[in-house]
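So this one's query_14.txt, compact mmCIF, C-alpha atoms:
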# COMPACT_ATOMS: atom_id res chain seq x y z
CA MET A 1 -48.32 -65.84 23.01
CA VAL A 2 -49.23 -62.69 24.98
CA GLY A 3 -45.56 -61.80 25.38
CA LEU A 4 -44.71 -62.44 21.71
CA PRO A 5 -44.97 -58.78 20.55
CA TRP A 6 -42.81 -57.70 23.50
CA LEU A 7 -40.24 -60.42 22.71
CA ILE A 8 -39.96 -59.35 19.08
CA TRP A 9 -39.81 -55.64 19.88
CA ARG A 10 -37.73 -55.58 23.08
CA GLY A 11 -36.00 -58.98 22.80
CA PRO A 12 -32.97 -57.71 20.86
CA TYR A 13 -32.23 -55.12 23.55
CA VAL A 14 -32.34 -57.86 26.21
CA LEU A 15 -30.64 -60.73 24.37
CA ASP A 16 -27.94 -58.65 22.62
CA ALA A 17 -27.72 -55.72 25.00
CA LYS A 18 -23.95 -55.87 25.26
CA TYR A 19 -23.56 -55.60 21.48
CA ILE A 20 -25.96 -52.70 20.95
CA ASP A 21 -24.85 -49.11 21.24
CA ARG A 22 -28.06 -47.18 21.72
CA LYS A 23 -26.30 -43.93 20.77
CA ALA A 24 -25.11 -45.41 17.47
CA LEU A 25 -28.20 -47.28 16.33
CA GLY A 26 -28.33 -45.23 13.18
CA GLU A 27 -24.77 -46.19 12.29
CA GLY A 28 -25.22 -49.99 12.18
CA SER A 29 -26.52 -51.40 15.42
CA ALA A 30 -30.02 -51.05 14.01
CA ALA A 31 -29.18 -53.81 11.50
CA LEU A 32 -28.34 -56.10 14.40
CA VAL A 33 -31.67 -55.34 16.05
CA THR A 34 -33.58 -55.87 12.81
CA GLY A 35 -31.76 -59.13 12.08
CA LEU A 36 -32.49 -60.55 15.50
CA ARG A 37 -36.11 -59.51 15.24
CA THR A 38 -36.34 -61.27 11.88
CA ALA A 39 -34.77 -64.42 13.33
CA LEU A 40 -37.21 -64.40 16.24
CA VAL A 41 -40.15 -64.03 13.85
CA ALA A 42 -38.84 -66.95 11.75
CA VAL A 43 -38.43 -69.17 14.82
CA VAL A 44 -41.90 -68.34 16.06
CA ALA A 45 -43.36 -68.96 12.59
CA ALA A 46 -41.62 -72.34 12.34
CA LEU A 47 -42.85 -73.28 15.82
CA GLY A 48 -46.38 -72.27 14.90
CA ALA A 49 -46.22 -74.25 11.65
CA SER A 50 -45.02 -77.35 13.54
CA ILE A 51 -47.85 -77.09 16.04
CA ALA A 52 -50.35 -76.60 13.22
CA LEU A 53 -48.92 -79.60 11.38
CA LEU A 54 -49.16 -81.83 14.45
CA TYR A 55 -52.72 -80.67 15.05
CA THR A 56 -53.63 -81.32 11.40
CA ALA A 57 -52.09 -84.81 11.51
CA ARG A 58 -54.00 -85.63 14.70
CA THR A 59 -57.24 -84.32 13.20
CA TYR A 60 -56.62 -86.38 10.05
CA ARG A 61 -56.04 -89.56 12.07
CA LEU A 62 -59.21 -89.01 14.10
CA THR A 63 -61.22 -88.23 10.97
CA ARG A 64 -59.85 -91.27 9.14
CA ARG A 65 -60.54 -93.50 12.13
CA GLY A 66 -64.10 -92.23 12.23
CA GLN A 67 -64.53 -92.84 8.50
CA ILE A 68 -63.20 -96.40 8.80
CA THR A 69 -65.49 -97.09 11.76
CA ASP A 70 -68.44 -95.79 9.77
CA ARG A 71 -67.49 -97.92 6.75
CA PHE A 72 -67.01 -100.95 9.00
CA THR A 73 -70.42 -100.52 10.61
CA LYS A 74 -72.22 -100.17 7.28
CA ALA A 75 -70.40 -103.21 5.86
CA LEU A 76 -71.44 -105.31 8.87
CA GLU A 77 -75.07 -104.28 8.40
CA ARG A 78 -74.92 -105.44 4.78
CA LEU A 79 -73.45 -108.83 5.70
CA GLY A 80 -76.60 -109.66 7.65
CA SER A 81 -78.91 -108.90 4.73
CA PRO A 82 -81.12 -111.69 3.31
CA GLU A 83 -80.33 -110.39 -0.18
CA ILE A 84 -77.18 -111.94 -1.66
CA TYR A 85 -76.21 -108.86 -3.68
CA VAL A 86 -76.34 -106.72 -0.51
CA ARG A 87 -74.10 -109.24 1.29
CA ILE A 88 -71.64 -109.13 -1.61
CA GLY A 89 -71.61 -105.33 -1.33
CA GLY A 90 -70.72 -105.67 2.35
CA ILE A 91 -67.94 -108.12 1.50
CA LEU A 92 -66.47 -105.75 -1.09
CA ALA A 93 -66.62 -102.90 1.43
CA LEU A 94 -64.74 -104.98 4.00
CA GLU A 95 -62.21 -105.99 1.34
CA GLN A 96 -61.42 -102.33 0.73
CA ILE A 97 -60.83 -101.87 4.46
CA VAL A 98 -58.56 -104.92 4.48
CA GLN A 99 -56.52 -103.50 1.61
CA ASP A 100 -56.12 -99.85 2.59
CA ALA A 101 -56.87 -99.43 6.30
CA PRO A 102 -54.27 -99.32 9.10
CA GLU A 103 -53.12 -102.67 10.45
CA GLN A 104 -55.61 -103.18 13.29
CA ALA A 105 -58.65 -102.21 11.21
CA ALA A 106 -57.47 -104.40 8.31
CA THR A 107 -56.91 -107.33 10.65
CA ASP A 108 -60.35 -106.88 12.22
CA ALA A 109 -62.02 -106.70 8.80
CA ALA A 110 -60.20 -109.87 7.68
CA GLU A 111 -61.31 -111.64 10.85
CA VAL A 112 -64.95 -110.70 10.20
CA LEU A 113 -64.68 -111.98 6.62
CA GLY A 114 -63.19 -115.21 7.94
CA HIS A 115 -66.09 -115.70 10.37
CA PHE A 116 -68.60 -114.92 7.61
CA LEU A 117 -66.96 -117.49 5.32
CA ARG A 118 -66.89 -120.21 7.97
CA HIS A 119 -70.53 -119.50 8.82
CA ARG A 120 -71.80 -119.47 5.23
CA ALA A 121 -69.76 -122.26 3.62
CA PRO A 122 -71.09 -125.79 4.17
CA LYS A 123 -69.04 -128.28 6.14
CA ALA A 124 -67.12 -130.89 4.19
CA ARG A 125 -68.31 -134.46 4.45
CA ARG A 126 -66.09 -136.49 6.71
CA GLN A 127 -64.69 -139.78 5.45
CA ASN A 128 -66.78 -141.97 7.75
CA ASP A 129 -69.96 -139.90 7.57
CA PRO A 130 -72.86 -141.09 5.44
CA ASP A 131 -73.28 -139.13 2.24
CA PRO A 132 -75.57 -136.25 3.23
CA GLY A 133 -76.23 -135.26 -0.37
CA GLY A 134 -76.97 -131.76 -1.50
CA LEU A 135 -73.39 -130.46 -1.24
CA PRO A 136 -72.82 -128.06 -4.14
CA ASN A 137 -70.16 -128.41 -6.83
CA GLU A 138 -69.72 -124.62 -6.95
CA LEU A 139 -69.59 -122.01 -4.22
CA GLU A 140 -72.38 -119.57 -3.49
CA ALA A 141 -71.54 -116.13 -4.91
CA ASP A 142 -71.14 -114.49 -1.48
CA VAL A 143 -68.93 -117.33 -0.20
CA GLN A 144 -66.73 -117.04 -3.31
CA ALA A 145 -66.55 -113.26 -2.89
CA ALA A 146 -65.41 -113.61 0.73
CA LEU A 147 -62.86 -116.27 -0.19
CA THR A 148 -61.48 -114.09 -2.99
CA ALA A 149 -61.30 -111.07 -0.70
CA LEU A 150 -59.31 -113.01 1.90
CA THR A 151 -56.86 -114.62 -0.52
CA ARG A 152 -55.87 -111.75 -2.81
CA ALA A 153 -52.15 -111.05 -2.47
CA GLU A 154 -52.82 -107.35 -1.81
CA SER A 155 -55.30 -108.26 0.93
CA ARG A 156 -52.52 -109.61 3.16
CA THR A 157 -50.44 -106.40 3.13
CA HIS A 158 -51.90 -104.78 6.25
CA VAL A 159 -53.25 -107.87 8.00
CA ASP A 160 -51.35 -109.11 11.04
CA PRO A 161 -49.18 -111.99 9.71
CA ARG A 162 -49.95 -113.93 12.89
CA GLN A 163 -53.59 -114.21 11.84
CA GLN A 164 -53.77 -117.53 10.03
CA LEU A 165 -56.40 -118.09 7.36
CA ASP A 166 -58.61 -120.80 8.85
CA LEU A 167 -60.54 -122.86 6.27
CA ARG A 168 -60.55 -126.16 8.14
CA GLY A 169 -63.23 -128.66 7.28
CA LEU A 170 -65.08 -126.44 4.79
CA HIS A 171 -66.72 -127.64 1.60
CA LEU A 172 -65.09 -125.40 -1.04
CA ALA A 173 -65.57 -127.57 -4.12
CA GLY A 174 -65.15 -125.70 -7.39
CA ALA A 175 -63.61 -122.65 -5.70
CA HIS A 176 -61.96 -120.07 -7.97
CA LEU A 177 -58.57 -119.38 -6.41
CA LYS A 178 -56.34 -118.47 -9.34
CA ALA A 179 -53.14 -116.77 -8.08
CA ALA A 180 -54.56 -116.84 -4.54
CA ASP A 181 -52.29 -116.29 -1.55
CA LEU A 182 -52.88 -119.19 0.83
CA THR A 183 -49.50 -119.03 2.54
CA TYR A 184 -49.69 -120.73 5.97
CA ALA A 185 -53.44 -121.32 5.45
CA ASP A 186 -55.07 -124.11 7.45
CA LEU A 187 -57.06 -126.29 5.03
CA ARG A 188 -57.14 -129.50 7.02
CA MET A 189 -59.93 -131.84 5.94
CA ALA A 190 -61.35 -129.21 3.59
CA ASP A 191 -62.94 -130.31 0.32
CA LEU A 192 -61.48 -128.49 -2.70
CA THR A 193 -62.65 -130.95 -5.33
CA GLY A 194 -62.35 -129.36 -8.75
CA ALA A 195 -60.96 -126.13 -7.31
CA ARG A 196 -59.04 -123.86 -9.68
CA LEU A 197 -55.73 -122.99 -8.03
CA THR A 198 -53.59 -122.12 -11.05
CA GLY A 199 -50.57 -120.12 -9.89
CA ALA A 200 -51.76 -120.14 -6.27
CA THR A 201 -49.30 -119.87 -3.39
CA LEU A 202 -49.71 -122.52 -0.69
CA THR A 203 -46.29 -122.24 0.88
CA GLU A 204 -46.25 -124.07 4.23
CA ALA A 205 -50.02 -124.49 4.07
CA THR A 206 -51.60 -127.27 6.13
CA LEU A 207 -53.53 -129.66 3.86
CA ILE A 208 -53.67 -132.79 5.99
CA ARG A 209 -56.46 -135.09 4.73
CA THR A 210 -57.60 -132.35 2.35
CA THR A 211 -59.47 -133.41 -0.79
CA LEU A 212 -58.09 -131.89 -4.00
CA SER A 213 -59.43 -134.42 -6.50
CA LYS A 214 -59.53 -133.02 -10.04
CA ALA A 215 -58.21 -129.71 -8.73
CA THR A 216 -56.11 -127.54 -11.04
CA LEU A 217 -52.79 -126.65 -9.39
CA PHE A 218 -50.88 -125.78 -12.56
CA GLU A 219 -47.75 -123.79 -11.64
CA ALA A 220 -48.92 -123.58 -8.03
CA THR A 221 -46.38 -123.20 -5.22
CA LEU A 222 -46.67 -125.81 -2.46
CA THR A 223 -43.20 -125.47 -0.99
CA ARG A 224 -43.04 -127.22 2.39
CA ALA A 225 -46.81 -127.73 2.35
CA ASP A 226 -48.14 -130.54 4.55
CA LEU A 227 -50.26 -132.85 2.35
CA ALA A 228 -50.12 -135.95 4.52
CA TYR A 229 -53.03 -138.30 3.73
CA ALA A 230 -54.40 -135.75 1.24
CA THR A 231 -56.36 -136.90 -1.81
CA LEU A 232 -55.23 -135.50 -5.16
CA THR A 233 -56.79 -138.02 -7.50
CA ASP A 234 -56.62 -136.80 -11.12
CA ALA A 235 -55.30 -133.41 -9.94
CA ASN A 236 -53.33 -131.24 -12.38
CA LEU A 237 -49.97 -130.38 -10.80
CA ARG A 238 -48.01 -129.69 -13.97
CA ARG A 239 -45.05 -127.37 -13.35
CA ALA A 240 -46.07 -127.07 -9.70
CA ASP A 241 -43.39 -126.50 -7.06
CA LEU A 242 -43.62 -129.09 -4.29
CA THR A 243 -40.10 -128.65 -2.96
CA GLU A 244 -39.87 -130.28 0.49
CA ALA A 245 -43.61 -130.94 0.46
CA TYR A 246 -44.83 -133.62 2.86
CA LEU A 247 -46.97 -136.17 1.00
CA VAL A 248 -46.83 -139.19 3.30
CA GLN A 249 -49.63 -141.67 2.49
CA ALA A 250 -51.16 -139.17 0.05
CA THR A 251 -53.43 -140.48 -2.70
CA LEU A 252 -52.11 -139.24 -6.04
CA THR A 253 -53.83 -141.71 -8.36
CA GLY A 254 -53.87 -140.38 -11.91
CA ALA A 255 -52.35 -137.06 -10.85
CA LYS A 256 -50.39 -135.14 -13.48
CA PHE A 257 -46.95 -133.93 -12.41
CA GLY A 258 -45.40 -133.10 -15.78
CA LYS A 259 -42.22 -131.05 -15.19
CA ALA A 260 -43.21 -130.51 -11.58
CA THR A 261 -40.53 -129.93 -8.92
CA LEU A 262 -40.58 -132.42 -6.05
CA THR A 263 -37.04 -131.87 -4.80
CA GLU A 264 -36.61 -133.33 -1.30
CA ALA A 265 -40.35 -134.08 -1.17
CA VAL A 266 -41.46 -136.87 1.19
CA LEU A 267 -43.75 -139.38 -0.57
CA LYS A 268 -43.44 -142.33 1.81
CA GLY A 269 -46.22 -144.82 1.18
CA ALA A 270 -47.95 -142.48 -1.28
CA THR A 271 -50.24 -143.94 -3.92
CA LEU A 272 -49.04 -142.86 -7.37
CA THR A 273 -50.86 -145.43 -9.46
CA LYS A 274 -51.28 -144.22 -13.04
CA ALA A 275 -49.70 -140.89 -12.07
CA ALA A 276 -47.90 -139.02 -14.85
CA LEU A 277 -44.52 -137.56 -13.85
CA PRO A 278 -42.69 -137.05 -17.19
CA GLY A 279 -39.78 -134.66 -16.78
CA ALA A 280 -40.49 -134.17 -13.09
CA THR A 281 -37.65 -133.34 -10.70
CA LEU A 282 -37.53 -135.75 -7.79
CA THR A 283 -33.98 -135.05 -6.68
CA GLY A 284 -33.53 -136.30 -3.14
CA ALA A 285 -37.21 -137.21 -2.84
CA ASP A 286 -38.23 -140.02 -0.49
CA LEU A 287 -40.42 -142.51 -2.41
CA SER A 288 -39.91 -145.43 -0.08
CA GLY A 289 -42.91 -147.72 -0.05
CA ALA A 290 -44.75 -145.69 -2.69
CA ASP A 291 -47.05 -147.45 -5.14
CA LEU A 292 -45.97 -146.59 -8.70
CA SER A 293 -48.10 -149.14 -10.50
CA GLY A 294 -48.81 -147.84 -13.98
CA ALA A 295 -47.00 -144.56 -13.23
CA ILE A 296 -45.04 -142.77 -15.97
CA LEU A 297 -41.69 -141.30 -14.92
CA THR A 298 -39.95 -141.04 -18.31
CA GLY A 299 -37.43 -138.22 -18.27
CA ALA A 300 -37.85 -137.71 -14.52
CA ASP A 301 -34.81 -136.88 -12.38
CA LEU A 302 -34.53 -139.44 -9.59
CA SER A 303 -30.97 -138.63 -8.57
CA ARG A 304 -30.44 -139.23 -4.83
CA ALA A 305 -34.10 -140.26 -4.53
CA VAL A 306 -34.94 -142.98 -2.02
CA THR A 307 -36.82 -145.74 -3.88
CA THR A 308 -36.63 -148.66 -1.48
CA ASP A 309 -39.68 -150.96 -1.40
CA ILE A 310 -41.50 -149.08 -4.16
CA VAL A 311 -44.23 -151.01 -5.97
CA THR A 312 -44.10 -151.15 -9.76
CA ASP A 313 -45.69 -153.29 -12.48
CA LYS A 314 -45.22 -153.91 -16.18
CA ARG A 315 -47.05 -150.68 -17.00
CA THR A 316 -44.69 -148.55 -14.90
CA LYS A 317 -42.29 -146.50 -17.01
CA MET A 318 -39.18 -145.49 -15.12
CA PRO A 319 -36.44 -143.12 -16.38
CA GLU A 320 -33.96 -144.57 -18.84
CA GLY A 321 -31.03 -146.18 -17.06
CA TRP A 322 -32.79 -146.24 -13.68
CA ALA A 323 -32.12 -149.29 -11.53
CA PRO A 324 -33.94 -150.27 -8.34
CA GLU A 325 -32.04 -149.89 -5.08
CA ALA A 326 -30.60 -153.01 -3.52
Take the structure from the file and write it as structure tokens.
Amino acid sequence: MVGLPWLIWRGPYVLDAKYIDRKALGEGSAALVTGLRTALVAVVAALGASIALLYTARTYRLTRRGQITDRFTKALERLGSPEIYVRIGGILALEQIVQDAPEQAATDAAEVLGHFLRHRAPKARRQNDPDPGGLPNELEADVQAALTALTRAESRTHVDPRQQLDLRGLHLAGAHLKAADLTYADLRMADLTGARLTGATLTEATLIRTTLSKATLFEATLTRADLAYATLTDANLRRADLTEAYLVQATLTGAKFGKATLTEAVLKGATLTKAALPGATLTGADLSGADLSGAILTGADLSRAVTTDIVTDKRTKMPEGWAPEA
């Protein structure tokens, strides 16, 4: 920078010396000198602006990182409060970080929320365990807030897609999960009795031995979800999409599947007693060994469906013109 004035003033005489006639500067060569000086000034100004821009961007990143760290620290302090409303404030603060922070910070905030949820939510009762009693039918407000924060569609934008939502073995009865994004979520052996999952996305979610009795899954997406041995007694699955879902040995007693899509779904040995499937699409579904006692399948599409060894009784209502496989 020290030599900048010299470069602007004497540069033209050095760089364009062969084109400058010092005796005829007044006749036109002066314009050449002035033009080159102007060009040099413009180049230097552009270089200075670029450096300033890079410095500003670096300062902004450092400032933003510091702000996020500060927000993160304050949110963590709130999560440990004995007051529920303070904990909810911490959850909301972390949710904002999840939604608008850079990827690593968002992923870290989501991981903290996941740990908080797994720590605060009670464990689901296992099938062979004695009834411990006292398990709530609704979630605590802070547990619901954390669950909502983790399952909003916009909350997954900046989170590392490799970080799977882990809700295994949790008691989440009565959870409010309308339009929740539970794609790839691990819900094995969780209890979602009475949960409200209208319009939720559970694509390729793991729901092995999960309890969804009386849950509302109206228009939910369960494409390729694994529901082996799951319990969906009296669940509402009207208009749900269960394309290629895996429902081997699932208990679907009294479940409502009106106009649901079960194309290529695997229902081997599933219990569908008293289930209602009017207008459901079961194209290519595997129903071999399923119990359809008292089930209603009027208007259902069973084209290419495998129905060998299914169990029916006089109450079972199959589609008009359907005939059992030989």
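If you look at atom CA of A:Thr233 and atom CA of A:Gly194, they are 10.4 Å away from each other.
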Taking (-54.4, -105.6, 12.5) in the file's coordinates as the center, which residues reach within 7 Å of it, counting only C-alpha atoms, put as number ranges by chain?
A: 103-108, 158-160
Export C-alpha atoms of the chosen residues as a PDB file, keeping the file's coordinate frame?
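Below is the file that was written, again-v3.pdb:
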ATOM      1  CA  GLU A 103     -53.120-102.670  10.450  1.00  0.00           C
ATOM      2  CA  GLN A 104     -55.610-103.180  13.290  1.00  0.00           C
ATOM      3  CA  ALA A 105     -58.650-102.210  11.210  1.00  0.00           C
ATOM      4  CA  ALA A 106     -57.470-104.400   8.310  1.00  0.00           C
ATOM      5  CA  THR A 107     -56.910-107.330  10.650  1.00  0.00           C
ATOM      6  CA  ASP A 108     -60.350-106.880  12.220  1.00  0.00           C
ATOM      7  CA  HIS A 158     -51.900-104.780   6.250  1.00  0.00           C
ATOM      8  CA  VAL A 159     -53.250-107.870   8.000  1.00  0.00           C
ATOM      9  CA  ASP A 160     -51.350-109.110  11.040  1.00  0.00           C
TER      10      ASP A 160
END
For A:Trp322, please output as a PyMOL selection string all residues within 12 Å (counting only C-alpha atoms; exclusion window: fewer than 4 positions along the same chain).
chain A and resi 297-305+307+317-318
With a distance cut-off of 7 Å and all atoms listed in the file, select the neighbouring residues of A:Asp234, excluding the residue or stretch itself and same-chain residues fewer than 4 positions from it, and output the selection as a PDB file with C-alpha atoms, in the coordinates of the input.
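For reference, out_6.pdb as written:
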ATOM      1  CA  SER A 213     -59.430-134.420  -6.500  1.00  0.00           C
ATOM      2  CA  LYS A 214     -59.530-133.020 -10.040  1.00  0.00           C
ATOM      3  CA  THR A 253     -53.830-141.710  -8.360  1.00  0.00           C
ATOM      4  CA  GLY A 254     -53.870-140.380 -11.910  1.00  0.00           C
ATOM      5  CA  ALA A 255     -52.350-137.060 -10.850  1.00  0.00           C
ATOM      6  CA  LYS A 256     -50.390-135.140 -13.480  1.00  0.00           C
TER       7      LYS A 256
END
Hey, what's within 8 Å of stretch 67-73 of chain A if we count only C-alpha atoms and toss same-chain stuff fewer than 6 positions away? As a VMD selection string, please?
chain A and resid 93 to 94 97 101 105 109
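Atom pair atom CA of A:Leu76 / atom CA of A:Phe116: separated by 10.1 Å.
In this structure, atom CA of A:Ala185 sits 12.4 Å away from atom CA of A:Gly169.
The shell of residues at most 8 Å from A:Ala146, with all atoms listed in the file counted and near chain neighbours (fewer than 5 positions) removed, consists of A:Ile91, A:Leu113, A:Gly114, A:Phe116, A:Leu117.
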Put a box with edges along x, y and z around all the listed atoms of stretch 74-77 of chain A, pad it by 3 Å on each side, then give me its centre and sizes in Å, one decimal, as JSON.
{"center_x": -72.7, "center_y": -102.7, "center_z": 7.4, "size_x": 10.7, "size_y": 11.1, "size_z": 9.0}
List every protein, DNA or RNA residue that has an atom no more than 7 Å from (-47.4, -125.2, 0.2) in the file's coordinate frame, counting all atoms listed in the file, and report them as a VMD selection string.
chain A and resid 183 201 to 205 221 to 226 245
Do you know which residues are at most 12 Å from stretch 277-293 of chain A counting all atoms listed in the file, after dropping those on the same chain fewer than 6 positions away, and could you put them as a count of residues only?
60
